[in-house]
Amino acid sequence: MVDSNDDKESILVIQTQENTPDQPKKNIFVIETVLNEITLEEYYGFESSLRSITTDDENALPIYRLFRFWILNGHFSEKVLPLPYYIYLIGELQSRVEDNNVSKIEVHESVEDSVRPAIVDVYENIDIDTNPEINVEPKYSNWRNIGKIRNKVKSFIGMILVLFDQIIYRILDRKSKAVTNTIFVPSLTRFRSVKPVLDEMTTQFDIVTDQSLLSRFIHNNSKPHTECFSWGYARQYVSMFCILEQAKYIYDYTHKELIVDKTENELKSEIGRKCDLSPNNVVSHIFGEIYRYNQSKSILGYFIYKQVLQKSKAQNIVVGTGYNPRAEAIWLAAQEEGVSAYDLPHTATLEPPQTGIFTDYTFATGKFAREYIDNYNINQTNHTEVLETGRPYLESLNKSVSECENNVTQPLQIIIATQPFSIRERSEFIRKCILGINALELDAKTRIKIHPSESKEFYEKLLDDEKDIQIVDGDIWKELQTADIILTVNSNVGLESIIAGSLSISIRLSKKWPLPYANEGPVPILDDDVSIRCFFRQLDIERIREITNMQQSFIEREYIISEASKNIANHIESKSEERIN
């Protein structure tokens, strides 16, 4: 009789194909390969199912829904993947272990921190007879016991500071506000998305921000393009009763969420029921990162903006650059006060797959956006109405370059536009970009334009041997208007570069899908080294002009709607008139 353990094998989990050992094992699980296998239809299917989960008591703030965008999309931290990816990874690795009679799961050192919780979940989900060794488990257990407690303390302190700031506001700068028709809550760093709409408004409106006193003091004299508008501060509206209400909530929240993990445990249970697997470590990891980024304080915006709406008697509230817990809290307050909740996105590339769960209306770039949503059944559990108004800032960018000629000459001006992904992903992105540029048979000068949340030091160390490449920060639009080619992964920059008259090229990384303007439009999408070399080697001046013209025609047809600002303002004001009548 043969011992059953003799038939069992081990499986090695690695991050990329490049991490394959010199003497490869029979069973290798490549994270990047598996993530590349999931289709958009499968991804949105997972997302739709997870979006519909309900985890909260009727009398409590819906914590999961306030953090839904971050939990589902994972963009707020390089240590977190979108939840649908985690569900897919756990299912695939679990199936591989069971189908191949695996007794031991080995984890290569290349596997990123973002993936490790999923591996531990597989380890805990499967009953393996021979007690497999997972070399990441002790490290992960240490994180659970220490790191998360530290992050929870940070979360609690952040909420207390917001409460204290409101008390100071009430003492020093309490404001009695007149009745208004519409409240605009813009992002200070992306005010250009909102300003054109304000210029078209004919009814009364107020601009309100939830800046702290310290932030207000630091940034009060540095708001670009806002001098002609008067501002209010949400915390000026808050009553003493509201402050006490928040204090009670913090007390209850501390016990329910920071001590007993109420929503976290409910979410684990609901995902287990819907997906037939247990993502316990994944969910704990995501919540730990939310606490680490101190976003729980955003929940207090629900109480604060209820006061803003009650005292201003506004009929509409418009949030610029949403898709975060702060925006969700504001939209929830509007829903409960019977106020129309609008989402005015800055981001043009995402379209509205991630519209707020509590929004009534969102402004899309046009018919293309709506069809994209319909094709993938995005937003099917949401009541948000998608309005084909266009985006003001895209229209203004298009006007600013409409008279410019597309004059491509040598040396080519190439911009590598980075994003704050993980260290490995950023390094791989730069490597692939340089690989392509070196394959060009044309003269070129290259600049790396870093993302505002990145530092030059990372790229200076990475490019120590590449002395001819300049690293710049500052205004991306200024850089785009002098560029012939833009290399990017997944951002607004690729779309803006097309409008500016540059050739936009998407360098695809694992887990980073090209966004709709590239995925559905004439944007070259390159991933492996062979395709990158081949594409760049075949580029000449005529080919660059040809693809650039195709891209511009597509964007003008599908993304640029004239009088977008007026369209948005008219809709807001016409809805107000309907409610009055």
# chains A, B, ... in the order shown; residues from 1 in each chain; ligands from 1
>>> select_by_dssp(residues="range 293-366 of chain A", states="strand (DSSP E or B)", output="VMD selection string")
chain A and resid 316 to 320 340 to 344 361 to 364
>>> select_by_dssp(residues="range 17-127 of chain A", states="helix (DSSP H, G or I)", output="ChimeraX atom specification")
/A:17-19,31-37,40-51,63-66,68-73,83-99,116-125
>>> atom_distance(atom1="CA of Asp540 in chain A", atom2="CA of Asn492 in chain A")
25.7 Å
>>> closest_residue(among="A:Lys104, A:Lys26, A:Lys148, A:Arg326", to="Arg65 in chain A", atoms="only C-alpha atoms")
A:Arg326
>>> atom_distance(atom1="CA of Lys311 in chain A", atom2="CA of Ile357 in chain A")
24.5 Å
>>> residues_around(residues="range 542-547 of chain A", least_positions_apart="3", cutoff="10 Å", atoms="only C-alpha atoms", output="VMD selection string")
chain A and resid 406 to 408 484 to 485 501 to 504 522 to 524 538 to 539 550 to 553
>>> residues_around(residues="Leu277 in chain A", least_positions_apart="5", cutoff="12 Å", atoms="only C-alpha atoms", output="PyMOL selection string")
chain A and resi 86-95+118+121-126+268-272+282
